[in-house]
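Below is input26.pdb, which holds PDB, C-alpha atoms, pLDDT in the B column.
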```
ATOM      1  CA  THR A  14       3.744-128.949   5.386  1.00 61.00           C
ATOM      2  CA  PRO A  15       2.897-128.844   9.126  1.00 65.00           C
ATOM      3  CA  ALA A  16       5.815-129.795  11.355  1.00 68.00           C
ATOM      4  CA  GLU A  17       3.846-132.657  12.907  1.00 67.00           C
ATOM      5  CA  SER A  18       3.581-134.468   9.575  1.00 73.00           C
ATOM      6  CA  PHE A  19       6.677-133.243   7.728  1.00 80.00           C
ATOM      7  CA  ASP A  20       8.878-136.304   8.285  1.00 84.00           C
ATOM      8  CA  GLY A  21       6.081-138.682   7.318  1.00 85.00           C
ATOM      9  CA  ALA A  22       5.277-136.633   4.201  1.00 84.00           C
ATOM     10  CA  VAL A  23       8.922-136.692   3.084  1.00 89.00           C
ATOM     11  CA  SER A  24       9.252-140.463   3.519  1.00 91.00           C
ATOM     12  CA  TYR A  25       5.922-141.038   1.753  1.00 90.00           C
ATOM     13  CA  LEU A  26       6.956-138.836  -1.177  1.00 89.00           C
ATOM     14  CA  ILE A  27      10.372-140.487  -1.605  1.00 93.00           C
ATOM     15  CA  ILE A  28       8.965-144.029  -1.549  1.00 94.00           C
ATOM     16  CA  CYS A  29       6.144-143.185  -3.958  1.00 91.00           C
ATOM     17  CA  MET A  30       8.578-141.503  -6.349  1.00 91.00           C
ATOM     18  CA  CYS A  31      10.613-144.710  -6.413  1.00 91.00           C
ATOM     19  CA  GLY A  32       7.483-146.526  -7.590  1.00 90.00           C
ATOM     20  CA  THR A  33       6.709-144.095 -10.406  1.00 91.00           C
ATOM     21  CA  VAL A  34       8.224-146.456 -12.984  1.00 91.00           C
ATOM     22  CA  VAL A  35       5.707-149.212 -12.280  1.00 92.00           C
ATOM     23  CA  VAL A  36       2.868-146.664 -12.523  1.00 90.00           C
ATOM     24  CA  TYR A  37       4.071-145.675 -15.994  1.00 89.00           C
ATOM     25  CA  ALA A  38       4.338-149.338 -16.980  1.00 90.00           C
ATOM     26  CA  TYR A  39       0.792-150.039 -15.798  1.00 90.00           C
ATOM     27  CA  ASN A  40      -0.620-147.050 -17.690  1.00 87.00           C
ATOM     28  CA  ALA A  41       1.202-148.051 -20.889  1.00 87.00           C
ATOM     29  CA  PHE A  42      -0.053-151.643 -20.820  1.00 90.00           C
ATOM     30  CA  TYR A  43      -3.520-150.488 -19.780  1.00 88.00           C
ATOM     31  CA  ALA A  44      -3.629-148.249 -22.859  1.00 83.00           C
ATOM     32  CA  VAL A  45      -2.842-151.277 -25.045  1.00 85.00           C
ATOM     33  CA  LEU A  46      -5.679-153.329 -23.570  1.00 86.00           C
ATOM     34  CA  ARG A  47      -8.064-150.401 -23.802  1.00 80.00           C
ATOM     35  CA  ALA A  48      -7.143-149.896 -27.456  1.00 76.00           C
ATOM     36  CA  ILE A  49      -8.122-153.467 -28.319  1.00 79.00           C
ATOM     37  CA  GLY A  50     -11.394-153.130 -26.421  1.00 76.00           C
ATOM     38  CA  ASN A  51     -10.438-155.122 -23.323  1.00 83.00           C
ATOM     39  CA  SER A  52     -11.441-153.046 -20.303  1.00 80.00           C
ATOM     40  CA  ALA A  53     -12.523-155.975 -18.109  1.00 86.00           C
ATOM     41  CA  SER A  54      -9.027-157.315 -17.397  1.00 90.00           C
ATOM     42  CA  PRO A  55      -7.643-153.996 -16.076  1.00 88.00           C
ATOM     43  CA  MET A  56     -10.726-153.612 -13.867  1.00 88.00           C
ATOM     44  CA  LYS A  57     -10.229-157.081 -12.361  1.00 92.00           C
ATOM     45  CA  ILE A  58      -6.542-156.377 -11.792  1.00 93.00           C
ATOM     46  CA  MET A  59      -7.358-153.058 -10.161  1.00 90.00           C
ATOM     47  CA  LEU A  60      -9.906-154.672  -7.831  1.00 91.00           C
ATOM     48  CA  LEU A  61      -7.394-157.353  -6.858  1.00 94.00           C
ATOM     49  CA  THR A  62      -4.559-154.930  -6.187  1.00 93.00           C
ATOM     50  CA  THR A  63      -6.868-152.544  -4.294  1.00 91.00           C
ATOM     51  CA  ALA A  64      -7.725-155.372  -1.904  1.00 94.00           C
ATOM     52  CA  GLU A  65      -4.006-156.147  -1.660  1.00 94.00           C
ATOM     53  CA  ASN A  66      -3.278-152.502  -0.850  1.00 94.00           C
ATOM     54  CA  ILE A  67      -5.843-152.474   1.966  1.00 93.00           C
ATOM     55  CA  VAL A  68      -4.395-155.622   3.518  1.00 95.00           C
ATOM     56  CA  LEU A  69      -0.830-154.314   3.255  1.00 95.00           C
ATOM     57  CA  ASP A  70      -1.875-150.964   4.748  1.00 93.00           C
ATOM     58  CA  LEU A  71      -3.257-152.741   7.785  1.00 94.00           C
ATOM     59  CA  LEU A  72      -0.131-154.895   8.023  1.00 95.00           C
ATOM     60  CA  PHE A  73       2.473-152.125   7.704  1.00 95.00           C
ATOM     61  CA  ILE A  74       0.609-149.435   9.666  1.00 92.00           C
ATOM     62  CA  ALA A  75      -1.284-151.335  12.370  1.00 91.00           C
ATOM     63  CA  VAL A  76       1.103-154.258  12.892  1.00 92.00           C
ATOM     64  CA  PHE A  77       4.571-152.960  11.999  1.00 91.00           C
ATOM     65  CA  GLN A  78       3.824-149.351  13.064  1.00 90.00           C
ATOM     66  CA  LEU A  79       5.556-147.830  10.021  1.00 90.00           C
ATOM     67  CA  GLY A  80       3.152-144.900   9.662  1.00 89.00           C
ATOM     68  CA  ALA A  81       3.190-142.945   6.404  1.00 89.00           C
ATOM     69  CA  ALA A  82       6.206-144.904   5.127  1.00 92.00           C
ATOM     70  CA  GLY A  83       4.235-148.125   5.572  1.00 93.00           C
ATOM     71  CA  ALA A  84       1.321-146.728   3.570  1.00 92.00           C
ATOM     72  CA  ALA A  85       3.714-145.727   0.793  1.00 93.00           C
ATOM     73  CA  ILE A  86       5.371-149.161   0.756  1.00 95.00           C
ATOM     74  CA  ALA A  87       1.967-150.842   0.535  1.00 94.00           C
ATOM     75  CA  THR A  88       0.987-148.556  -2.342  1.00 93.00           C
ATOM     76  CA  VAL A  89       4.176-149.234  -4.305  1.00 94.00           C
ATOM     77  CA  ILE A  90       3.898-153.005  -3.819  1.00 96.00           C
ATOM     78  CA  SER A  91       0.296-152.954  -5.053  1.00 94.00           C
ATOM     79  CA  GLN A  92       1.261-150.825  -8.045  1.00 93.00           C
ATOM     80  CA  ALA A  93       4.077-153.226  -8.928  1.00 94.00           C
ATOM     81  CA  THR A  94       1.671-156.168  -8.692  1.00 95.00           C
ATOM     82  CA  SER A  95      -0.801-154.469 -11.021  1.00 94.00           C
ATOM     83  CA  ALA A  96       1.980-153.644 -13.519  1.00 93.00           C
ATOM     84  CA  VAL A  97       3.197-157.259 -13.584  1.00 94.00           C
ATOM     85  CA  LEU A  98      -0.300-158.697 -13.979  1.00 94.00           C
ATOM     86  CA  ILE A  99      -1.346-156.337 -16.752  1.00 93.00           C
ATOM     87  CA  CYS A 100       1.989-156.880 -18.547  1.00 92.00           C
ATOM     88  CA  ARG A 101       1.282-160.611 -18.427  1.00 91.00           C
ATOM     89  CA  CYS A 102      -2.153-160.043 -19.996  1.00 91.00           C
ATOM     90  CA  VAL A 103      -0.706-157.959 -22.823  1.00 89.00           C
ATOM     91  CA  CYS A 104       2.096-160.452 -23.503  1.00 88.00           C
ATOM     92  CA  ARG A 105      -0.334-163.379 -23.557  1.00 87.00           C
ATOM     93  CA  ALA A 106      -2.507-161.484 -26.029  1.00 83.00           C
ATOM     94  CA  GLY A 107       0.505-161.192 -28.333  1.00 83.00           C
ATOM     95  CA  TYR A 108       0.748-157.400 -28.375  1.00 76.00           C
ATOM     96  CA  PHE A 109       4.043-157.064 -26.522  1.00 76.00           C
ATOM     97  CA  GLU A 110       7.250-158.987 -26.001  1.00 74.00           C
ATOM     98  CA  PHE A 111      10.529-158.220 -24.275  1.00 72.00           C
ATOM     99  CA  ARG A 112      13.293-157.895 -26.852  1.00 72.00           C
ATOM    100  CA  ARG A 113      15.983-155.492 -27.929  1.00 70.00           C
ATOM    101  CA  GLY A 114      14.772-153.056 -30.526  1.00 68.00           C
ATOM    102  CA  LYS A 115      15.162-149.627 -31.989  1.00 70.00           C
ATOM    103  CA  LEU A 116      12.803-146.781 -31.177  1.00 65.00           C
ATOM    104  CA  GLU A 117      11.170-145.391 -34.309  1.00 68.00           C
ATOM    105  CA  ARG A 118      11.388-141.625 -34.445  1.00 73.00           C
ATOM    106  CA  GLY A 119       8.240-141.284 -36.521  1.00 72.00           C
ATOM    107  CA  VAL A 120       6.178-143.171 -33.958  1.00 70.00           C
ATOM    108  CA  LEU A 121       7.733-141.228 -31.083  1.00 74.00           C
ATOM    109  CA  SER A 122       7.099-137.855 -32.719  1.00 79.00           C
ATOM    110  CA  GLY A 123       3.471-138.814 -33.385  1.00 75.00           C
ATOM    111  CA  LEU A 124       2.979-139.835 -29.760  1.00 76.00           C
ATOM    112  CA  LEU A 125       4.576-136.628 -28.503  1.00 80.00           C
ATOM    113  CA  ARG A 126       2.383-134.565 -30.797  1.00 80.00           C
ATOM    114  CA  ILE A 127      -0.766-136.200 -29.479  1.00 76.00           C
ATOM    115  CA  CYS A 128       0.129-136.187 -25.786  1.00 80.00           C
ATOM    116  CA  ALA A 129       1.801-132.752 -25.559  1.00 85.00           C
ATOM    117  CA  PRO A 130      -1.434-130.756 -24.959  1.00 84.00           C
ATOM    118  CA  GLN A 131      -2.586-133.154 -22.254  1.00 81.00           C
ATOM    119  CA  VAL A 132       0.833-133.078 -20.600  1.00 86.00           C
ATOM    120  CA  VAL A 133       0.740-129.271 -20.451  1.00 90.00           C
ATOM    121  CA  GLN A 134      -2.791-129.363 -19.069  1.00 87.00           C
ATOM    122  CA  MET A 135      -1.891-131.893 -16.361  1.00 86.00           C
ATOM    123  CA  VAL A 136       1.238-129.960 -15.365  1.00 91.00           C
ATOM    124  CA  LEU A 137      -0.748-126.735 -14.981  1.00 92.00           C
ATOM    125  CA  THR A 138      -3.576-128.447 -13.092  1.00 87.00           C
ATOM    126  CA  ASN A 139      -1.296-130.253 -10.655  1.00 87.00           C
ATOM    127  CA  THR A 140       0.790-127.123 -10.156  1.00 91.00           C
ATOM    128  CA  SER A 141      -2.346-125.253  -9.131  1.00 89.00           C
ATOM    129  CA  PHE A 142      -3.234-128.049  -6.701  1.00 85.00           C
ATOM    130  CA  LEU A 143       0.288-127.871  -5.284  1.00 85.00           C
ATOM    131  CA  LEU A 144      -0.010-124.146  -4.692  1.00 89.00           C
ATOM    132  CA  ILE A 145      -3.427-124.564  -3.057  1.00 86.00           C
ATOM    133  CA  ASN A 146      -2.092-127.299  -0.765  1.00 83.00           C
ATOM    134  CA  GLY A 147       0.818-125.074   0.145  1.00 83.00           C
ATOM    135  CA  LEU A 148      -1.573-122.341   1.224  1.00 85.00           C
ATOM    136  CA  ILE A 149      -3.683-124.808   3.221  1.00 85.00           C
ATOM    137  CA  ASN A 150      -0.633-126.285   4.951  1.00 79.00           C
ATOM    138  CA  VAL A 151       0.114-122.895   6.486  1.00 81.00           C
ATOM    139  CA  PHE A 152      -2.588-123.835   8.981  1.00 81.00           C
ATOM    140  CA  ASP A 153      -2.543-126.845  11.303  1.00 77.00           C
ATOM    141  CA  VAL A 154      -2.808-130.564  10.611  1.00 78.00           C
ATOM    142  CA  ASN A 155      -6.611-130.554  10.922  1.00 82.00           C
ATOM    143  CA  HIS A 156      -6.958-128.172   7.978  1.00 81.00           C
ATOM    144  CA  SER A 157      -4.607-130.329   5.887  1.00 80.00           C
ATOM    145  CA  ALA A 158      -6.575-133.471   6.740  1.00 81.00           C
ATOM    146  CA  ALA A 159      -9.852-131.772   5.839  1.00 86.00           C
ATOM    147  CA  ALA A 160      -8.448-130.643   2.479  1.00 84.00           C
ATOM    148  CA  ALA A 161      -7.216-134.171   1.775  1.00 81.00           C
ATOM    149  CA  ALA A 162     -10.668-135.605   2.556  1.00 85.00           C
ATOM    150  CA  VAL A 163     -12.379-133.107   0.252  1.00 86.00           C
ATOM    151  CA  THR A 164      -9.882-133.954  -2.499  1.00 84.00           C
ATOM    152  CA  LYS A 165     -10.782-137.638  -2.200  1.00 81.00           C
ATOM    153  CA  ILE A 166     -14.487-136.802  -2.525  1.00 88.00           C
ATOM    154  CA  TRP A 167     -13.771-134.640  -5.554  1.00 84.00           C
ATOM    155  CA  ASN A 168     -11.830-137.485  -7.164  1.00 82.00           C
ATOM    156  CA  LEU A 169     -14.875-139.721  -6.776  1.00 84.00           C
ATOM    157  CA  THR A 170     -17.154-137.167  -8.429  1.00 87.00           C
ATOM    158  CA  VAL A 171     -15.041-136.996 -11.600  1.00 83.00           C
ATOM    159  CA  LEU A 172     -14.604-140.752 -12.085  1.00 81.00           C
ATOM    160  CA  ALA A 173     -17.604-141.072 -14.412  1.00 81.00           C
ATOM    161  CA  GLY A 174     -16.377-138.240 -16.634  1.00 80.00           C
ATOM    162  CA  GLN A 175     -12.875-139.687 -16.754  1.00 79.00           C
ATOM    163  CA  ALA A 176     -14.236-143.107 -17.723  1.00 78.00           C
ATOM    164  CA  LEU A 177     -16.318-141.542 -20.502  1.00 79.00           C
ATOM    165  CA  MET A 178     -13.269-139.620 -21.708  1.00 78.00           C
ATOM    166  CA  ALA A 179     -11.181-142.808 -21.806  1.00 75.00           C
ATOM    167  CA  ALA A 180     -13.878-144.606 -23.800  1.00 76.00           C
ATOM    168  CA  MET A 181     -14.124-141.728 -26.289  1.00 77.00           C
ATOM    169  CA  ILE A 182     -10.347-141.643 -26.693  1.00 75.00           C
ATOM    170  CA  SER A 183     -10.192-145.370 -27.404  1.00 74.00           C
ATOM    171  CA  MET A 184     -13.088-145.283 -29.862  1.00 75.00           C
ATOM    172  CA  THR A 185     -11.681-142.272 -31.714  1.00 75.00           C
ATOM    173  CA  ALA A 186      -8.168-143.714 -31.875  1.00 73.00           C
ATOM    174  CA  GLN A 187      -9.384-147.061 -33.203  1.00 73.00           C
ATOM    175  CA  ASN A 188     -11.379-145.437 -35.991  1.00 74.00           C
ATOM    176  CA  CYS A 189      -8.621-142.965 -36.870  1.00 71.00           C
ATOM    177  CA  ALA A 190      -6.129-145.812 -37.209  1.00 67.00           C
ATOM    178  CA  LYS A 191      -8.408-147.411 -39.824  1.00 70.00           C
ATOM    179  CA  GLY A 192      -9.294-144.135 -41.512  1.00 70.00           C
ATOM    180  CA  GLU A 193     -12.929-144.442 -40.388  1.00 71.00           C
ATOM    181  CA  TYR A 194     -13.371-140.772 -39.563  1.00 67.00           C
ATOM    182  CA  ARG A 195     -17.089-140.756 -40.389  1.00 69.00           C
ATOM    183  CA  ARG A 196     -17.741-143.673 -38.057  1.00 69.00           C
ATOM    184  CA  ALA A 197     -15.977-141.895 -35.203  1.00 65.00           C
ATOM    185  CA  LEU A 198     -18.049-138.777 -35.797  1.00 65.00           C
ATOM    186  CA  TYR A 199     -21.435-140.476 -36.187  1.00 64.00           C
ATOM    187  CA  ARG A 200     -20.960-142.423 -32.957  1.00 59.00           C
ATOM    188  CA  LEU A 201     -21.244-139.159 -31.026  1.00 58.00           C
ATOM    189  CA  PRO A 202     -24.407-137.163 -30.236  1.00 54.00           C
ATOM    190  CA  ARG A 203     -25.362-134.464 -32.683  1.00 51.00           C
ATOM    191  CA  ARG A 204     -24.507-131.557 -30.427  1.00 49.00           C
ATOM    192  CA  GLY A 205     -22.321-130.797 -27.453  1.00 48.00           C
ATOM    193  CA  TRP A 206     -18.832-129.779 -26.425  1.00 46.00           C
ATOM    194  CA  HIS A 207     -17.554-133.372 -26.679  1.00 51.00           C
ATOM    195  CA  ARG A 208     -18.196-133.416 -30.423  1.00 50.00           C
ATOM    196  CA  ARG A 209     -16.060-130.313 -30.815  1.00 52.00           C
ATOM    197  CA  ARG A 210     -13.266-131.900 -28.789  1.00 53.00           C
ATOM    198  CA  VAL A 211     -13.282-135.073 -30.868  1.00 51.00           C
ATOM    199  CA  TYR A 212     -13.317-133.062 -34.064  1.00 52.00           C
ATOM    200  CA  ALA A 213     -10.274-131.122 -32.873  1.00 52.00           C
ATOM    201  CA  ALA A 214      -8.538-134.416 -32.059  1.00 51.00           C
ATOM    202  CA  LEU A 215      -9.313-135.767 -35.521  1.00 50.00           C
ATOM    203  CA  ARG A 216      -7.900-132.630 -37.124  1.00 52.00           C
ATOM    204  CA  ALA A 217      -4.723-132.950 -35.058  1.00 49.00           C
ATOM    205  CA  TYR A 218      -4.258-136.649 -35.808  1.00 50.00           C
ATOM    206  CA  PRO A 219      -0.652-137.020 -37.067  1.00 49.00           C
ATOM    207  CA  ARG A 220       0.150-138.301 -40.513  1.00 49.00           C
ATOM    208  CA  PRO A 221       2.844-141.002 -40.726  1.00 47.00           C
ATOM    209  CA  HIS A 222       6.081-139.884 -42.330  1.00 47.00           C
ATOM    210  CA  SER A 223       6.170-143.043 -44.411  1.00 45.00           C
ATOM    211  CA  GLN A 224       3.082-142.090 -46.427  1.00 48.00           C
ATOM    212  CA  SER A 225       3.447-141.413 -50.117  1.00 53.00           C
ATOM    213  CA  LEU A 226       2.346-138.157 -51.750  1.00 52.00           C
ATOM    214  CA  GLN A 227      -0.855-139.742 -53.032  1.00 56.00           C
ATOM    215  CA  GLN A 228      -1.679-141.103 -49.598  1.00 56.00           C
ATOM    216  CA  ARG A 229      -1.121-137.698 -48.034  1.00 55.00           C
ATOM    217  CA  ARG A 230      -3.369-136.049 -50.598  1.00 58.00           C
ATOM    218  CA  ALA A 231      -6.046-138.667 -49.954  1.00 61.00           C
ATOM    219  CA  GLY A 232      -5.726-138.054 -46.219  1.00 58.00           C
ATOM    220  CA  SER A 233      -6.050-134.322 -46.783  1.00 61.00           C
ATOM    221  CA  ARG A 234      -9.235-134.872 -48.819  1.00 65.00           C
ATOM    222  CA  ARG A 235     -10.646-137.066 -46.041  1.00 61.00           C
ATOM    223  CA  ARG A 236      -9.947-134.360 -43.479  1.00 58.00           C
ATOM    224  CA  HIS A 237     -11.690-131.741 -45.618  1.00 60.00           C
ATOM    225  CA  GLN A 238     -14.657-134.078 -46.036  1.00 60.00           C
ATOM    226  CA  LEU A 239     -14.687-134.625 -42.289  1.00 57.00           C
ATOM    227  CA  SER A 240     -14.667-130.867 -41.712  1.00 56.00           C
ATOM    228  CA  ALA A 241     -17.663-130.383 -43.993  1.00 61.00           C
ATOM    229  CA  LEU A 242     -19.455-133.333 -42.425  1.00 57.00           C
ATOM    230  CA  PHE A 243     -18.812-131.998 -38.953  1.00 52.00           C
ATOM    231  CA  ARG A 244     -20.211-128.556 -39.763  1.00 54.00           C
ATOM    232  CA  HIS A 245     -23.299-130.149 -41.351  1.00 57.00           C
ATOM    233  CA  ARG A 246     -23.904-132.437 -38.379  1.00 51.00           C
ATOM    234  CA  LEU A 247     -23.304-129.686 -35.825  1.00 48.00           C
ATOM    235  CA  HIS A 248     -25.557-127.052 -37.385  1.00 51.00           C
ATOM    236  CA  GLY A 249     -27.976-129.240 -39.288  1.00 49.00           C
TER     237      GLY A 249
END
```

Take the structure from the file and write it as structure tokens.
Amino acid sequence: TPAESFDGAVSYLIICMCGTVVVYAYNAFYAVLRAIGNSASPMKIMLLTTAENIVLDLLFIAVFQLGAAGAAIATVISQATSAVLICRCVCRAGYFEFRRGKLERGVLSGLLRICAPQVVQMVLTNTSFLLINGLINVFDVNHSAAAAAVTKIWNLTVLAGQALMAAMISMTAQNCAKGEYRRALYRLPRRGWHRRRVYAALRAYPRPHSQSLQQRRAGSRRRHQLSALFRHRLHG
């Protein structure tokens, strides 16, 4: 990091790391709403908290002269607001309540099995970005600012693909939970890389440990039928 911006970068990083918990909470509750088909409420909350973030940025940076630390504080406050609001939506819908409970190992292992590939992918991707930023920061502040601006533009270009991916994940998960593998497959176009990805996700869908032997055999038959159906739809 250039010496001119090192202190501000450190303070920004520390404050944002303190707000990581509320980011995780927001993402967890957002996943619940997305799973039940409610994508409007998170969008409204995001619009509201984005406006809040802009106002707080102006307040902490322009008025209180806090610099990068002020921007980080505004970001964390907005993230906490979004987490509280989306938690309220989920609780009012009856899908979550605060109580003491025991974590089920079967559920946790299934979640870890599903998310492990994406976690590895995100770690590798962000590590590469970190290395690239480190190489750019060897130069002056202007080069770092230019790289940050290009990164923002790149983030805008991938928003549509990320939204489509989130919709496909929700649709596939909903149908897998009900055993409607054919419905999940027929909702996709006949050809394309996305069909292969969804098929791989369906094949990797974990089987609950509480299933009986007959249920497991039935699930195995459904997966074989899905495999045959997929090959027919892809090449037919």

Interface rows for region 37-155 of chain A against region 159-181 of chain A: nearest pair, Å to one decimal, 9 Å, only C-alpha atoms, as JSON lines:
```
{"residue": "A:Arg47", "atom": "CA", "partner": "A:Ala180", "partner_atom": "CA", "distance": 8.2}
{"residue": "A:Asn146", "atom": "CA", "partner": "A:Ala160", "partner_atom": "CA", "distance": 7.9}
{"residue": "A:Ile149", "atom": "CA", "partner": "A:Ala160", "partner_atom": "CA", "distance": 7.6}
{"residue": "A:Val154", "atom": "CA", "partner": "A:Ala159", "partner_atom": "CA", "distance": 8.6}
{"residue": "A:Asn155", "atom": "CA", "partner": "A:Ala159", "partner_atom": "CA", "distance": 6.2}
```

Output C-alpha atoms for every residue in the selection just made, as a PDB file, in the frame of the given file.
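Here's the written file out_17.pdb:
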```pdb
ATOM      1  CA  ARG A  47      -8.064-150.401 -23.802  1.00 80.00           C
ATOM      2  CA  ASN A 146      -2.092-127.299  -0.765  1.00 83.00           C
ATOM      3  CA  ILE A 149      -3.683-124.808   3.221  1.00 85.00           C
ATOM      4  CA  VAL A 154      -2.808-130.564  10.611  1.00 78.00           C
ATOM      5  CA  ASN A 155      -6.611-130.554  10.922  1.00 82.00           C
TER       6      ASN A 155
END
```

Atomic distance CA of Phe73 (chain A) - CA of Ala22 (chain A), expressed in Å with one decimal: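 Computing it gives 16.1 Å between the two atoms.
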
When the PyMOL selection byres ((chain A and resi 62) around 10) is applied to the structure above, which residues does it catch, written out as a VMD selection string? chain A and resid 56 to 61 63 to 68 88 90 to 96 98

So what do you get for CA of Val36 (chain A) versus CA of Gln131 (chain A), distance-wise? 17.5 Å

Please report, as AutoDock Vina command-line options, the centre and edge lengths in Å to one decimal of an axis-aligned box covering all listed atoms of region 86-103 of chain A with 8 Å per side.
```
--center_x 1.6 --center_y -154.6 --center_z -11.0 --size_x 23.5 --size_y 28.1 --size_z 39.6
```

Which residues are close to Ala81 (chain A), i.e. within 10 Å by only C-alpha atoms, leaving aside same-chain residues fewer than 4 positions away? Reply as a PDB file with C-alpha atoms, keeping the file's coordinate frame.
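Wrote out.pdb, looks like this:
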```
ATOM      1  CA  SER A  18       3.581-134.468   9.575  1.00 73.00           C
ATOM      2  CA  ASP A  20       8.878-136.304   8.285  1.00 84.00           C
ATOM      3  CA  GLY A  21       6.081-138.682   7.318  1.00 85.00           C
ATOM      4  CA  ALA A  22       5.277-136.633   4.201  1.00 84.00           C
ATOM      5  CA  VAL A  23       8.922-136.692   3.084  1.00 89.00           C
ATOM      6  CA  SER A  24       9.252-140.463   3.519  1.00 91.00           C
ATOM      7  CA  TYR A  25       5.922-141.038   1.753  1.00 90.00           C
ATOM      8  CA  LEU A  26       6.956-138.836  -1.177  1.00 89.00           C
ATOM      9  CA  ILE A  28       8.965-144.029  -1.549  1.00 94.00           C
ATOM     10  CA  ASP A  70      -1.875-150.964   4.748  1.00 93.00           C
ATOM     11  CA  PHE A  73       2.473-152.125   7.704  1.00 95.00           C
ATOM     12  CA  ILE A  74       0.609-149.435   9.666  1.00 92.00           C
ATOM     13  CA  ALA A  85       3.714-145.727   0.793  1.00 93.00           C
ATOM     14  CA  ILE A  86       5.371-149.161   0.756  1.00 95.00           C
ATOM     15  CA  ALA A  87       1.967-150.842   0.535  1.00 94.00           C
TER      16      ALA A  87
END
```

Report, in Å to a single decimal, how far apart CA of Val136 (chain A) and CA of Leu121 (chain A) are.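 Here the two named atoms are 20.4 Å from each other.
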
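Here the PyMOL selection byres ((chain A and resi 105-108) around 10) matches the residues Phe42, Val45, Leu46, Ile49, Ile99, Cys100, Arg101, Cys102, Val103, Cys104, Phe109 and Glu110 of chain A.
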
Hey, can you spit out that residue selection with C-alpha atoms as a PDB file, keeping the file's coordinate frame?
```pdb
ATOM      1  CA  PHE A  42      -0.053-151.643 -20.820  1.00 90.00           C
ATOM      2  CA  VAL A  45      -2.842-151.277 -25.045  1.00 85.00           C
ATOM      3  CA  LEU A  46      -5.679-153.329 -23.570  1.00 86.00           C
ATOM      4  CA  ILE A  49      -8.122-153.467 -28.319  1.00 79.00           C
ATOM      5  CA  ILE A  99      -1.346-156.337 -16.752  1.00 93.00           C
ATOM      6  CA  CYS A 100       1.989-156.880 -18.547  1.00 92.00           C
ATOM      7  CA  ARG A 101       1.282-160.611 -18.427  1.00 91.00           C
ATOM      8  CA  CYS A 102      -2.153-160.043 -19.996  1.00 91.00           C
ATOM      9  CA  VAL A 103      -0.706-157.959 -22.823  1.00 89.00           C
ATOM     10  CA  CYS A 104       2.096-160.452 -23.503  1.00 88.00           C
ATOM     11  CA  PHE A 109       4.043-157.064 -26.522  1.00 76.00           C
ATOM     12  CA  GLU A 110       7.250-158.987 -26.001  1.00 74.00           C
TER      13      GLU A 110
END
```

Top pick for closest residue to Ile182 (chain A), considering A:Val132, A:Ala48, A:Leu148, A:Cys31 and counting all atoms listed in the file: A:Ala48
